[in-house]
Amino acid sequence: MNKRFKRIFGMTMAGMLITSVVGCSSVKTQDKEIMSESSAGIELSADEPGWQRNSDDKVDLQWYINFSWFTTPWGEDITSQKITEETGINVEFIVPAGNEAEKLNTMIASDTLPDILTLGWWEGQIAEMIDSDMVYALNELADQYDPYFFKVADEARLDWYKQEDGNVYGYPNSSYTPSDYEKYDNIASNNTFLVRKDIYEAIGSPDMSTPEGFLAALKKAQEMFPEVNGQPLIPIGFDEFTETGNFSLEKYLQDFLAVPYEKDGKLYDRTTDPDYIEWLKVFNEISREGLLANDVFVDKRSQMEEKMAQGRYFAMLYQRTDIATQQKILYNNDPNSIYIAIDGPKNANGDDHTLPGGGIQGWTVTMISKNCERPDRAIEFMSYLMSEHGQKMVLLGPEGETYDMVDGKPVVKPEVNELLQTDRVAYDRKYGGSDTFWMFQDLAMQAQWAEGAKEPLKQLEEWTYPYTKFLSQYDGLTPAIGSEEEIIDLKVGRLWGETLPKLLLAQSEAEFDEIFNKFVADRDALGFDKLLAVKQTIMEKNKAKLGLE
């Protein structure tokens, strides 16, 4: 998943209003009590799941997923069929065909939000929908229809997403709390420094954590392996470049260098950190040595994935989960051609990397729209998916069909596991387990049933364990949409996006320094101090919510 962390861009409201109704109904139900016939007059209990009580009441819900790459339908696979059988809920997914922001903004502008919505926690539309009274407070729905919700919801996650009015409007997936980090020693980061195994071993498995060792390794790889299967070797690869920069050469690199997020309680300007600047100069030297391929500046995700599957990169500062499919292709072709994780760039002191693990904000949040005519069933459905029973179902599928219990532990059937390892798309359509429907995945809870990663992904995951840290207090430090500081943030982001390629392609260290100093001056002139002050306030609020003051 590039599930990976994104910047918040300003919204541009759609100019066209769509006239067709997307949700259950275009009539809002915000003040209307809705209770299924089967639950009318029944005293509700937090110990009794609402989905068990109302499973005979069949309801269709439309669920918007704000990721155009999600294409798995509901109801074809045996897992979603079983969930529908148990809950009485049938789902129709709605997924944008193109630009996600345009689709979501259009639905907001035309008041045609579907019943349920899942979108990245960082999206600015979340605050707009809450402020515009377009989504239900989940705690209020739970009080009225399904108090079992409070039994399966994590209190720390509810506190994190609680708004100033005391309500919670969205619940996260892939979320870890600080206590999870105390309980588990196998929480993984997604950030890795990868090298192609056979090439790395052929050049002597060098230490690449120092500038000298890094540069020497790239040179030697280029000299010994100028081509891979008739195609030019790409010595070093990153995430794709955007108008605001490149994640690999910003936060990822800074985390590998253990650049602090704060000093003495004050938010630290990581971009001007001496170790970070030194390593940017290393990448500039790599460019001047002819080792920075033009491909890395222009390739988009699909082109990168094709080259990963061909093993054309020697090294990459990249997300391990985003190379999983290509890693399996390489493994099936030649187990020695896979990518392995090794220690990457380190600061001058040689400190350990500080890599972010899953945070309390998770990856996405799911909300219930006030266009939904059956919010009672929607909140019950959420409770089902959040519960231990629901989590076991979305991870493993139906017992006896996709797995069996052996000595008290789930064992996935061989034919099911074989398809999972060889054809993920076919697996999703046929079996639908292994978090095919990831919208409420609770990875900490699922750890009790998960068999753990297998090769060729196991090494990539386990390498991160010692370096993984809880860093959620530094997430989401983005100003309110429409504020002066948000405009500054957007301008600074674009300025950096223009500057970074120039730094990498500078013809000398003197030119690099000139470009960097101009960036800092221009950034400060935009009002960077005001932006930093707002981020400081948000960080302090985050720490207070997490009890980390």
# chains A, B, ... in the order shown; residues from 1 in each chain; ligands from 1
>>> residues_around(residues="region 269-285 of chain A", least_positions_apart="6", cutoff="8 Å", atoms="only C-alpha atoms", output="number ranges by chain")
A: 211, 215, 249-250, 253-254, 257, 259-261, 345, 347-348, 503-506, 509, 512
>>> write_last_selection(atoms="N, CA and C atoms", output="PDB file, in the first residue's frame")
ATOM      1  N   PRO A 211      28.546   8.308   4.177  1.00  0.00           N
ATOM      2  CA  PRO A 211      28.596   8.914   2.833  1.00  0.00           C
ATOM      3  C   PRO A 211      29.622   8.244   1.929  1.00  0.00           C
ATOM      4  N   LEU A 215      28.488   6.078  -1.502  1.00  0.00           N
ATOM      5  CA  LEU A 215      28.918   6.482  -2.835  1.00  0.00           C
ATOM      6  C   LEU A 215      29.765   5.394  -3.493  1.00  0.00           C
ATOM      7  N   LEU A 249      13.448  11.489  -0.041  1.00  0.00           N
ATOM      8  CA  LEU A 249      14.548  12.413   0.222  1.00  0.00           C
ATOM      9  C   LEU A 249      14.187  13.479   1.245  1.00  0.00           C
ATOM     10  N   GLU A 250      13.062  13.310   1.880  1.00  0.00           N
ATOM     11  CA  GLU A 250      12.643  14.244   2.923  1.00  0.00           C
ATOM     12  C   GLU A 250      12.480  13.470   4.232  1.00  0.00           C
ATOM     13  N   LEU A 253      14.467  10.015   4.612  1.00  0.00           N
ATOM     14  CA  LEU A 253      15.900  10.215   4.828  1.00  0.00           C
ATOM     15  C   LEU A 253      16.163  10.799   6.211  1.00  0.00           C
ATOM     16  N   GLN A 254      15.362  11.774   6.618  1.00  0.00           N
ATOM     17  CA  GLN A 254      15.533  12.384   7.933  1.00  0.00           C
ATOM     18  C   GLN A 254      15.354  11.361   9.050  1.00  0.00           C
ATOM     19  N   LEU A 257      18.339   9.185   9.354  1.00  0.00           N
ATOM     20  CA  LEU A 257      19.421   9.940   9.986  1.00  0.00           C
ATOM     21  C   LEU A 257      19.126  10.271  11.449  1.00  0.00           C
ATOM     22  N   VAL A 259      17.162  12.396  12.605  1.00  0.00           N
ATOM     23  CA  VAL A 259      17.030  13.841  12.824  1.00  0.00           C
ATOM     24  C   VAL A 259      15.876  14.049  13.807  1.00  0.00           C
ATOM     25  N   PRO A 260      16.097  14.766  14.895  1.00  0.00           N
ATOM     26  CA  PRO A 260      15.039  14.923  15.905  1.00  0.00           C
ATOM     27  C   PRO A 260      13.841  15.701  15.369  1.00  0.00           C
ATOM     28  N   TYR A 261      12.688  15.412  15.943  1.00  0.00           N
ATOM     29  CA  TYR A 261      11.472  16.146  15.596  1.00  0.00           C
ATOM     30  C   TYR A 261      11.331  17.397  16.462  1.00  0.00           C
ATOM     31  N   PRO A 345      21.528   5.241   5.235  1.00  0.00           N
ATOM     32  CA  PRO A 345      22.259   6.422   5.692  1.00  0.00           C
ATOM     33  C   PRO A 345      22.084   6.672   7.184  1.00  0.00           C
ATOM     34  N   ASN A 347      23.510   9.276  10.629  1.00  0.00           N
ATOM     35  CA  ASN A 347      24.105  10.584  10.916  1.00  0.00           C
ATOM     36  C   ASN A 347      25.576  10.434  11.294  1.00  0.00           C
ATOM     37  N   ALA A 348      26.223  11.558  11.523  1.00  0.00           N
ATOM     38  CA  ALA A 348      27.669  11.549  11.764  1.00  0.00           C
ATOM     39  C   ALA A 348      28.048  10.762  13.013  1.00  0.00           C
ATOM     40  N   LEU A 503      18.822  21.150  -6.214  1.00  0.00           N
ATOM     41  CA  LEU A 503      19.884  20.783  -5.283  1.00  0.00           C
ATOM     42  C   LEU A 503      20.594  19.515  -5.750  1.00  0.00           C
ATOM     43  N   LEU A 504      19.810  18.553  -6.189  1.00  0.00           N
ATOM     44  CA  LEU A 504      20.394  17.280  -6.619  1.00  0.00           C
ATOM     45  C   LEU A 504      21.225  17.441  -7.886  1.00  0.00           C
ATOM     46  N   LEU A 505      20.833  18.376  -8.741  1.00  0.00           N
ATOM     47  CA  LEU A 505      21.490  18.530 -10.034  1.00  0.00           C
ATOM     48  C   LEU A 505      22.512  19.666 -10.059  1.00  0.00           C
ATOM     49  N   ALA A 506      22.763  20.278  -8.894  1.00  0.00           N
ATOM     50  CA  ALA A 506      23.743  21.383  -8.841  1.00  0.00           C
ATOM     51  C   ALA A 506      25.097  20.919  -9.371  1.00  0.00           C
ATOM     52  N   GLU A 509      29.397  22.073  -5.222  1.00  0.00           N
ATOM     53  CA  GLU A 509      28.920  22.251  -3.847  1.00  0.00           C
ATOM     54  C   GLU A 509      28.590  23.719  -3.593  1.00  0.00           C
ATOM     55  N   PHE A 512      25.218  24.286  -4.894  1.00  0.00           N
ATOM     56  CA  PHE A 512      24.271  23.669  -3.961  1.00  0.00           C
ATOM     57  C   PHE A 512      23.988  24.616  -2.798  1.00  0.00           C
TER      58      PHE A 512
END
>>> residues_around(residues="Gly362 (chain A)", least_positions_apart="4", cutoff="7 Å", atoms="only C-alpha atoms", output="JSON, numbers by chain")
{"A": [172, 173, 174, 175, 176, 358]}
>>> residues_around(residues="region 290-297 of chain A", least_positions_apart="2", cutoff="8 Å", atoms="only C-alpha atoms", output="ChimeraX atom specification")
/A:218-219,222,234-238,240-241,286-288,299,501
>>> write_last_selection(atoms="N, CA and C atoms", output="compact mmCIF listing (two decimals), in the first residue's frame")
# COMPACT_ATOMS: atom_id res chain seq x y z
N LEU A 218 27.57 2.46 -4.79
CA LEU A 218 26.85 2.77 -6.03
C LEU A 218 27.80 2.72 -7.23
N LYS A 219 29.00 3.26 -7.04
CA LYS A 219 29.99 3.24 -8.12
C LYS A 219 30.34 1.80 -8.53
N GLN A 222 27.53 0.03 -10.35
CA GLN A 222 27.43 0.52 -11.73
C GLN A 222 28.53 -0.07 -12.61
N ILE A 234 19.81 1.05 -12.71
CA ILE A 234 19.51 2.32 -12.05
C ILE A 234 20.13 2.24 -10.66
N PRO A 235 21.24 2.94 -10.41
CA PRO A 235 21.99 2.74 -9.16
C PRO A 235 21.19 3.02 -7.90
N ILE A 236 20.35 4.06 -7.92
CA ILE A 236 19.59 4.42 -6.72
C ILE A 236 18.20 4.91 -7.12
N GLY A 237 17.18 4.46 -6.40
CA GLY A 237 15.80 4.86 -6.70
C GLY A 237 15.11 5.41 -5.47
N PHE A 238 14.08 6.21 -5.71
CA PHE A 238 13.31 6.85 -4.64
C PHE A 238 11.83 6.72 -4.94
N GLU A 240 8.34 8.66 -6.07
CA GLU A 240 8.23 9.56 -7.22
C GLU A 240 8.29 11.03 -6.80
N PHE A 241 8.81 11.84 -7.68
CA PHE A 241 8.86 13.28 -7.45
C PHE A 241 7.49 13.89 -7.73
N ILE A 286 26.43 12.15 -6.00
CA ILE A 286 26.02 10.97 -6.78
C ILE A 286 25.58 11.41 -8.18
N SER A 287 24.82 12.51 -8.22
CA SER A 287 24.37 13.04 -9.51
C SER A 287 25.55 13.49 -10.36
N ARG A 288 26.50 14.20 -9.74
CA ARG A 288 27.64 14.70 -10.50
C ARG A 288 28.56 13.57 -10.97
N ASP A 299 9.75 9.21 -13.59
CA ASP A 299 8.91 8.01 -13.52
C ASP A 299 7.79 8.17 -12.51
N PRO A 501 14.98 19.21 -6.84
CA PRO A 501 15.71 18.75 -8.03
C PRO A 501 16.93 19.62 -8.36
>>> select_by_dssp(residues="region 209-354 of chain A", states="strand (DSSP E)", output="VMD selection string")
chain A and resid 227 to 228 231 to 232 234 to 237 262 to 263 266 to 267 313 to 319 339 to 341
>>> atom_distance(atom1="CA of Arg374 (chain A)", atom2="CA of Glu48 (chain A)")
19.3 Å
>>> select_by_dssp(residues="region 194-383 of chain A", states="alpha helix (DSSP H)", output="PyMOL selection string")
chain A and resi 197-202+211-224+251-256+274-288+295-298+301-309+324-333+375-383
>>> closest_residue(among="A:Val168, A:Val228, A:Ile342, A:Leu113", to="Phe214 (chain A)", atoms="only C-alpha atoms")
A:Ile342
>>> residues_around(residues="Pro206 (chain A)", least_positions_apart="6", cutoff="10 Å", atoms="only C-alpha atoms", output="CSV table (one decimal) with N, CA, C and O atoms, in the first residue's frame")
chain,number,residue,atom,x,y,z
A,200,TYR,N,24.4,-6.7,-4.4
A,200,TYR,CA,25.0,-6.3,-3.1
A,200,TYR,C,26.1,-7.2,-2.6
A,200,TYR,O,27.2,-6.9,-2.2
A,213,GLY,N,31.0,5.2,2.1
A,213,GLY,CA,30.6,3.8,1.8
A,213,GLY,C,29.4,3.8,0.8
A,213,GLY,O,29.3,2.9,-0.1
A,214,PHE,N,28.5,4.7,1.0
A,214,PHE,CA,27.3,4.8,0.1
A,214,PHE,C,27.7,5.0,-1.3
A,214,PHE,O,27.3,4.3,-2.3
A,216,ALA,N,30.7,4.8,-2.7
A,216,ALA,CA,31.5,3.8,-3.3
A,216,ALA,C,30.7,2.5,-3.7
A,216,ALA,O,31.0,1.9,-4.8
A,217,ALA,N,29.7,2.2,-3.0
A,217,ALA,CA,28.9,1.0,-3.3
A,217,ALA,C,28.1,1.3,-4.6
A,217,ALA,O,28.0,0.4,-5.5
>>> atom_distance(atom1="CA of Leu420 (chain A)", atom2="CA of Ala447 (chain A)")
18.2 Å
>>> closest_residue(among="A:Val416, A:Val365, A:Met382, A:Met308", to="Ser434 (chain A)", atoms="only C-alpha atoms")
A:Val416
>>> residues_around(residues="Glu243 (chain A)", least_positions_apart="6", cutoff="8 Å", atoms="only C-alpha atoms", output="JSON, numbers by chain")
{"A": [493, 494, 497, 498]}
>>> write_last_selection(atoms="C-alpha atoms", output="short mmCIF file (atom, residue, chain, number, x, y, z; two decimals), in the first residue's frame")
data_model
loop_
_atom_site.label_atom_id
_atom_site.label_comp_id
_atom_site.auth_asym_id
_atom_site.auth_seq_id
_atom_site.Cartn_x
_atom_site.Cartn_y
_atom_site.Cartn_z
CA GLY A 493 5.73 22.93 -0.17
CA ARG A 494 5.77 24.08 -3.78
CA GLY A 497 9.30 20.92 -4.76
CA GLU A 498 11.02 23.33 -7.15
#
>>> atom_distance(atom1="CA of Ala453 (chain A)", atom2="CA of Gly359 (chain A)")
20.1 Å
>>> closest_residue(among="A:Pro232, A:Pro479, A:Gly357, A:Gly452", to="Val411 (chain A)", atoms="only C-alpha atoms")
A:Gly452
>>> closest_residue(among="A:Asp198, A:Asp529, A:Glu486, A:Asp143", to="Tyr268 (chain A)", atoms="only C-alpha atoms")
A:Asp529
>>> closest_residue(among="A:Gln536, A:Glu100, A:Asp47, A:Asp111", to="Ser132 (chain A)", atoms="only C-alpha atoms")
A:Asp111
>>> closest_residue(among="A:Ile65, A:Ala258, A:Met316, A:Met386", to="Asp154 (chain A)", atoms="only C-alpha atoms")
A:Met386
>>> decode(residues="region 275-300 of chain A", atoms="N, CA, C and O atoms", output="short mmCIF file (atom, residue, chain, number, x, y, z; two decimals), in the first residue's frame")
data_model
loop_
_atom_site.label_atom_id
_atom_site.label_comp_id
_atom_site.auth_asym_id
_atom_site.auth_seq_id
_atom_site.Cartn_x
_atom_site.Cartn_y
_atom_site.Cartn_z
N ASP A 275 23.17 17.19 9.48
CA ASP A 275 23.33 15.84 8.94
C ASP A 275 22.49 15.65 7.68
O ASP A 275 22.90 15.00 6.72
N TYR A 276 21.28 16.23 7.70
CA TYR A 276 20.40 16.12 6.53
C TYR A 276 21.00 16.83 5.33
O TYR A 276 21.03 16.30 4.22
N ILE A 277 21.50 18.05 5.56
CA ILE A 277 22.12 18.81 4.46
C ILE A 277 23.32 18.05 3.91
O ILE A 277 23.54 17.98 2.69
N GLU A 278 24.11 17.45 4.81
CA GLU A 278 25.28 16.70 4.38
C GLU A 278 24.89 15.55 3.46
O GLU A 278 25.54 15.31 2.43
N TRP A 279 23.81 14.87 3.79
CA TRP A 279 23.40 13.74 2.94
C TRP A 279 22.74 14.19 1.64
O TRP A 279 22.85 13.52 0.62
N LEU A 280 22.08 15.34 1.65
CA LEU A 280 21.60 15.89 0.38
C LEU A 280 22.78 16.18 -0.54
O LEU A 280 22.71 15.98 -1.76
N LYS A 281 23.88 16.63 0.07
CA LYS A 281 25.08 16.87 -0.74
C LYS A 281 25.67 15.57 -1.26
O LYS A 281 26.27 15.53 -2.35
N VAL A 282 25.50 14.49 -0.50
CA VAL A 282 25.94 13.18 -0.99
C VAL A 282 25.16 12.80 -2.25
O VAL A 282 25.75 12.35 -3.25
N PHE A 283 23.86 13.03 -2.22
CA PHE A 283 23.06 12.70 -3.40
C PHE A 283 23.38 13.64 -4.56
O PHE A 283 23.28 13.24 -5.73
N ASN A 284 23.76 14.86 -4.26
CA ASN A 284 24.22 15.76 -5.31
C ASN A 284 25.52 15.24 -5.92
O ASN A 284 25.71 15.27 -7.15
N GLU A 285 26.42 14.75 -5.09
CA GLU A 285 27.67 14.18 -5.60
C GLU A 285 27.39 12.93 -6.44
O GLU A 285 28.03 12.71 -7.47
N ILE A 286 26.43 12.15 -6.00
CA ILE A 286 26.02 10.97 -6.78
C ILE A 286 25.58 11.41 -8.18
O ILE A 286 25.91 10.79 -9.19
N SER A 287 24.82 12.51 -8.22
CA SER A 287 24.37 13.04 -9.51
C SER A 287 25.55 13.49 -10.36
O SER A 287 25.63 13.18 -11.56
N ARG A 288 26.50 14.20 -9.74
CA ARG A 288 27.64 14.70 -10.50
C ARG A 288 28.56 13.57 -10.97
O ARG A 288 29.31 13.74 -11.93
N GLU A 289 28.47 12.41 -10.30
CA GLU A 289 29.25 11.23 -10.71
C GLU A 289 28.53 10.43 -11.80
O GLU A 289 29.01 9.39 -12.24
N GLY A 290 27.36 10.92 -12.23
CA GLY A 290 26.61 10.23 -13.28
C GLY A 290 25.85 9.01 -12.80
O GLY A 290 25.48 8.14 -13.59
N LEU A 291 25.57 8.95 -11.49
CA LEU A 291 24.91 7.77 -10.90
C LEU A 291 23.45 8.01 -10.57
O LEU A 291 22.78 7.13 -10.02
N LEU A 292 22.94 9.19 -10.90
CA LEU A 292 21.53 9.49 -10.64
C LEU A 292 20.80 9.52 -11.98
O LEU A 292 20.87 10.49 -12.73
N ALA A 293 20.10 8.43 -12.27
CA ALA A 293 19.45 8.29 -13.57
C ALA A 293 18.32 9.29 -13.75
O ALA A 293 17.63 9.66 -12.79
N ASN A 294 18.14 9.74 -15.00
CA ASN A 294 17.05 10.66 -15.29
C ASN A 294 15.69 10.06 -14.95
O ASN A 294 14.74 10.79 -14.64
N ASP A 295 15.61 8.73 -15.01
CA ASP A 295 14.34 8.04 -14.74
C ASP A 295 13.73 8.44 -13.40
O ASP A 295 12.50 8.57 -13.27
N VAL A 296 14.58 8.63 -12.39
CA VAL A 296 14.05 8.85 -11.04
C VAL A 296 13.32 10.18 -10.94
O VAL A 296 12.48 10.35 -10.05
N PHE A 297 13.60 11.11 -11.83
CA PHE A 297 12.93 12.41 -11.78
C PHE A 297 11.58 12.41 -12.49
O PHE A 297 10.72 13.24 -12.19
N VAL A 298 11.37 11.48 -13.41
CA VAL A 298 10.17 11.53 -14.25
C VAL A 298 9.24 10.33 -14.09
O VAL A 298 8.05 10.43 -14.42
N ASP A 299 9.75 9.21 -13.59
CA ASP A 299 8.91 8.01 -13.52
C ASP A 299 7.79 8.17 -12.51
O ASP A 299 7.98 8.70 -11.41
N LYS A 300 6.61 7.66 -12.90
CA LYS A 300 5.47 7.57 -11.99
C LYS A 300 5.42 6.16 -11.42
O LYS A 300 6.20 5.29 -11.77
#
